[in-house]
Every structure is written in C-alpha cells, then in structure tokens.
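Heads up, the thing below is written out as structure tokens.
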Amino acid sequence: MTLRRSILAALLLASCALHQVCAQDNDELGLWSEIGVEKAITKKWDAGLDLEYRAQNKARFSAGVSTSYKPWKWLKLGISYNFLYTYKPEKYKNKDEGEVGSEYWETGYNHTPDYWYPRHRFSADATGSIKLWKWLKVSLRERYQITHSKARTIDKFKYRTIHEKKYDFDDDWNEVTWFEEYPDNEVESKYYSAYTDQVLRSRLKLEYDKKRVPFSPFISAEFHNSVSVGDHMLLQKVRAAVGSSYKFRKHNEVTLSYIITFDMYDIEDNEVVRQHDRMHAINLGYKYSF
C-alpha cells in the first residue's frame, strides 16, 4: 500500500471512530473548509488572501489578508487581518422553580434566539523552526491576537406559567382543591457592550518535511491564553490537530486534518465552560502559491 493510500485510510478510520465518540459523548462535530492564495513578492516576502467557513453549531465565516517576511531561514514574521461573521445558536435554559403539587410553583424557560454578529481580528506572529535528521521540522509559533466585537442588543424571551393551589367547598361542605395557571411572559433586551479580547496563542508543531516527497504529515498542539481578563493570563482553549498536506503540480497544496478543541473559558459570557464539551472538526483546505 502506498503512503498516500495509508494516510487516507488512517484518516477514514479516525473519522469513523470520531463519529462513534461524538455519538456517545454528545460532542460537537463540524467541518472546516478553507481556500487561500499566496503570492511571493520577493524571496523573503509574500502576501496572501484566504476564505474560511466553519460548519458547526457556532458557525463562522471569515475573510482575511496577510503578509509575512523571513529575515532568516529559521524565523518567519507575519501580520494579518480577518473579518469574522459568527453565528450564535439559539439557547434554551430551564427555569422551573418549586415542587410540583405544592401550594405554589413555576414552570418555564428562557429563550435566546439565534443571530449573526461581526468581529474584526488583527494578528501578529513569529514562527521559529529547526530541521532534525533532514526530515523532521519542529516549529514554535507565538501569535498575539486582538479581536474586537461591536456593541449589540439582543432580545431574550422569558416564558413562565405560575401554578397556584386553590381551595373551596362544594354544596355538601366537602373541601375541593384545584390548581389555577397564570401565564407570566416577558421580553428582556440585553445589551452587550463592545469589547476587545486579546489572546496569546502558542503552537508547537511537528511535521514530516523531506525533499521530493509531496506528503507532509503533521501533529500540533496550541494553547490560547487570554490576556484581557484580570491581571494574569487565563487559559481559554486547548487545540490539537493531526493530518497531512499534499503538494501537486508545483503551485497547489491540499490539507486534510482532524482537529479537537477543548473550550475552557467563554470570554463573552464570562463563564467557565464544561471541559467535556469538546469540539471535533474535519478540516479541508486548499492553497495556491505562485
């Protein structure tokens, strides 16, 4: 079996196993697709455009421009801007209070409708890399990322039913009880002020990189640390990836990988996220370089 078939078979098996894991643990599975164009301006300087769409519960579309410069063979510096358009899924929260059948209790829920909202992201990064044994490329990327979200007002709906126990007597003076129900619904407009999130992203990547071999399998781990909450860094998420890129016809490259993300902290809602709610994604990318 060729190397190409081996990699494709391994990714197929991983995808099947991933489907079983998600079905058992109720984890989220998404498909990330991206396409990019990169132009070499000089031997050390290039610029690029890219588009990305993430099909998942919190779907996202992004469009960006970037440029990078390599002052030395082992160091690459880059800056970028991305416009993000993010989908916020609808949210339900149970609000039952009191014991059913008691003198007084409430049933109901809160509902926040789904909506899309824009963000602007600026990034600056530095990537250092070394080559070991002429085939293993080890790189460390440090990226400083600033994401700005505009202010917005969202309507939130509160649906309540009040249950109250009533007493009376029939014609024979026997006590009779029943329950009266009173609807108590309201709409609340919640204002989200504009905010800017600053994150330091640290990624370690190991990649098979050998001349005249079109495949480049890789594995990576990345830590997202927010520096805009309090006076210390706060771990937002941990992301790991495994996959391979394939170069063909000189200017073309496709990438297929599996990505898992552990969300630790939701900066927008200012709350800790349950760590067993994982995000799994199959990432498919294409880049044209010239």
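Residue numbering restarts at 1 for every chain of the structure tokens, chains are lettered A, B, ... in their displayed order, and ligands are numbered from 1 as they appear.
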Taking 5 positions as the minimum chain separation for residues in the same chain, which residues sit within 7 Å of Leu206 of chain A when counting only C-alpha atoms? Answer as a list of chain:residue names.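 Answer for this query is A:Leu136, A:Lys137, A:Val138, A:Ser139, A:Phe218, A:Ile219, A:Ser220.
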Please provide the set of residues having any atom within 12 Å of Thr196 of chain A, restricted to only C-alpha atoms, with same-chain residues fewer than 5 positions apart removed, written as a compact mmCIF listing (two decimals) with C-alpha atoms, in the first residue's frame.
# COMPACT_ATOMS: atom_id res chain seq x y z
CA ARG A 119 -15.92 40.81 14.59
CA HIS A 120 -12.59 42.22 13.49
CA ARG A 121 -9.33 40.38 14.22
CA PHE A 122 -5.74 41.57 13.96
CA GLN A 145 -4.28 38.23 18.52
CA ILE A 146 -6.69 41.13 19.07
CA THR A 147 -10.39 40.56 18.35
CA HIS A 148 -12.88 43.43 18.53
CA SER A 149 -16.65 42.90 18.77
CA LYS A 150 -19.10 45.77 18.33
CA ALA A 151 -21.89 46.55 20.79
CA SER A 226 -6.43 35.45 27.19
CA VAL A 227 -4.51 38.48 28.48
CA SER A 228 -7.57 40.76 28.72
CA VAL A 229 -9.20 39.18 31.80
CA ILE A 267 -14.82 35.32 27.34
CA GLU A 268 -18.10 36.81 26.05
Residue contacts of Glu99 of chain A (12 Å, only C-alpha atoms) excluding same-chain residues fewer than 4 positions away, as a PyMOL selection string: chain A and resi 103-107+162-165
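Proximity to Leu132 of chain A was assessed for A:Asp168, A:Ala47, A:Gly98, A:Lys210 counting only C-alpha atoms; the smallest distance is recorded for A:Lys210.
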Considering only C-alpha atoms, return as a CSV table (one decimal) with C-alpha atoms, in the first residue's frame whatever protein or nucleic-acid residues lie within 12 Å of Tyr144 of chain A, sequence-local ones (same chain, fewer than 2 positions apart) excluded.
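Writing done, so here's selection.csv:
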chain,number,residue,atom,x,y,z
A,77,LEU,CA,7.3,37.1,10.9
A,78,GLY,CA,3.7,37.8,9.9
A,79,ILE,CA,0.7,40.1,10.3
A,80,SER,CA,-2.9,39.6,9.3
A,121,ARG,CA,-9.3,40.4,14.2
A,122,PHE,CA,-5.7,41.6,14.0
A,123,SER,CA,-2.8,39.2,14.5
A,124,ALA,CA,1.0,39.4,14.7
A,125,ASP,CA,3.1,36.3,14.9
A,126,ALA,CA,6.6,35.0,14.9
A,127,THR,CA,7.5,31.4,14.0
A,141,ARG,CA,4.7,29.9,16.7
A,142,GLU,CA,3.8,32.7,19.1
A,146,ILE,CA,-6.7,41.1,19.1
A,147,THR,CA,-10.4,40.6,18.4
A,197,ASP,CA,-10.3,40.3,23.5
A,198,GLN,CA,-6.5,39.9,23.5
A,199,VAL,CA,-5.1,36.4,23.2
A,200,LEU,CA,-1.6,34.9,23.1
A,201,ARG,CA,-1.6,31.7,21.1
A,202,SER,CA,1.3,29.3,21.4
A,203,ARG,CA,1.6,26.4,19.0
A,223,PHE,CA,-2.8,26.9,23.8
A,224,HIS,CA,-5.0,30.1,23.7
A,225,ASN,CA,-4.3,32.3,26.7
A,226,SER,CA,-6.4,35.5,27.2
A,227,VAL,CA,-4.5,38.5,28.5
A,228,SER,CA,-7.6,40.8,28.7
